[in-house]
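Chemist: Below you'll find the structure I mean.
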Amino acid sequence: MILKDQITNIFVQVDDFCKEFDSQIKQMKLQTLGDHKKRRNRKSVMSDSEIITIMIGFHLGAHKTFKHYYKQIVCGYWKDL
């Protein structure tokens, strides 16, 4: 069972990575496409960091299906965070 402190630590590391990755991707897109292209930039409900952290937690856990993991663990932990 993964502890809340471990999930928090994983989330911080993933969030730092995602911030750096997003800035690099935006920079590369500007160089490649230029400023005159129209782009969609819709925000999602969950951040990339949250989604990646949930997936890491699933793979480190002992649940067989993602549905059970999400209902039992994520819905319980996420309320507290």
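Residue numbering restarts at 1 in every chain; chains get A, B, ... in the order shown in the structure tokens, and ligands count up from 1 in that same order.
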Write out as a list in words the residues lying within 10 Å of Lys19 of chain A, counting only C-alpha atoms and excluding same-chain residues fewer than 4 positions away.

Modeler: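 The residues satisfying every condition are Val14, Asp15, Ser23, Gln24, Asp48 and Ser49 of chain A.
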
Chemist: Identify, with DSSP run on backbone atoms, the residues in chain A assigned to helix (DSSP H, G or I), and express the list as JSON, numbers by chain.

Modeler: {"A": [4, 5, 6, 7, 8, 9, 10, 11, 12, 13, 14, 15, 16, 17, 18, 19, 20, 21, 22, 23, 24, 25, 26, 27, 28, 29, 30, 31, 32, 33, 48, 49, 50, 51, 52, 53, 54, 55, 56, 57, 58, 59, 60, 66, 67, 68, 69, 70, 71, 72, 73, 74, 75, 76, 77, 78, 79, 80]}

Chemist: Near segment 66-71 of chain A, counting only C-alpha atoms, which residues have an atom at most 10 Å away, once you skip same-chain residues fewer than 5 positions from it, shown as a PDB file with N, CA, C and O atoms, in the first residue's frame?

Modeler:
ATOM      1  N   ILE A  54      -1.595   9.434 -10.839  1.00  0.00           N
ATOM      2  CA  ILE A  54      -2.595   8.372 -10.667  1.00  0.00           C
ATOM      3  C   ILE A  54      -2.139   7.104 -11.375  1.00  0.00           C
ATOM      4  O   ILE A  54      -2.246   5.996 -10.832  1.00  0.00           O
ATOM      5  N   MET A  55      -1.607   7.238 -12.576  1.00  0.00           N
ATOM      6  CA  MET A  55      -1.145   6.065 -13.314  1.00  0.00           C
ATOM      7  C   MET A  55       0.049   5.395 -12.623  1.00  0.00           C
ATOM      8  O   MET A  55       0.126   4.167 -12.561  1.00  0.00           O
ATOM      9  N   GLY A  57       0.696   5.472  -9.416  1.00  0.00           N
ATOM     10  CA  GLY A  57       0.148   4.810  -8.235  1.00  0.00           C
ATOM     11  C   GLY A  57      -0.535   3.498  -8.573  1.00  0.00           C
ATOM     12  O   GLY A  57      -0.422   2.512  -7.834  1.00  0.00           O
ATOM     13  N   PHE A  58      -1.245   3.467  -9.685  1.00  0.00           N
ATOM     14  CA  PHE A  58      -1.898   2.224 -10.119  1.00  0.00           C
ATOM     15  C   PHE A  58      -0.870   1.140 -10.398  1.00  0.00           C
ATOM     16  O   PHE A  58      -1.026  -0.011  -9.980  1.00  0.00           O
ATOM     17  N   HIS A  59       0.198   1.476 -11.086  1.00  0.00           N
ATOM     18  CA  HIS A  59       1.205   0.474 -11.429  1.00  0.00           C
ATOM     19  C   HIS A  59       2.020   0.032 -10.225  1.00  0.00           C
ATOM     20  O   HIS A  59       2.555  -1.083 -10.213  1.00  0.00           O
ATOM     21  N   GLY A  61       0.668  -0.190  -7.193  1.00  0.00           N
ATOM     22  CA  GLY A  61      -0.278  -0.848  -6.284  1.00  0.00           C
ATOM     23  C   GLY A  61      -0.535  -2.288  -6.664  1.00  0.00           C
ATOM     24  O   GLY A  61       0.037  -2.838  -7.607  1.00  0.00           O
ATOM     25  N   GLY A  76     -10.728   8.242  -2.617  1.00  0.00           N
ATOM     26  CA  GLY A  76     -10.517   8.407  -1.188  1.00  0.00           C
ATOM     27  C   GLY A  76      -9.367   9.348  -0.873  1.00  0.00           C
ATOM     28  O   GLY A  76      -9.462  10.237  -0.027  1.00  0.00           O
ATOM     29  N   TYR A  77      -8.231   9.160  -1.537  1.00  0.00           N
ATOM     30  CA  TYR A  77      -7.044   9.988  -1.269  1.00  0.00           C
ATOM     31  C   TYR A  77      -7.207  11.406  -1.783  1.00  0.00           C
ATOM     32  O   TYR A  77      -6.806  12.358  -1.138  1.00  0.00           O
TER      33      TYR A  77
END
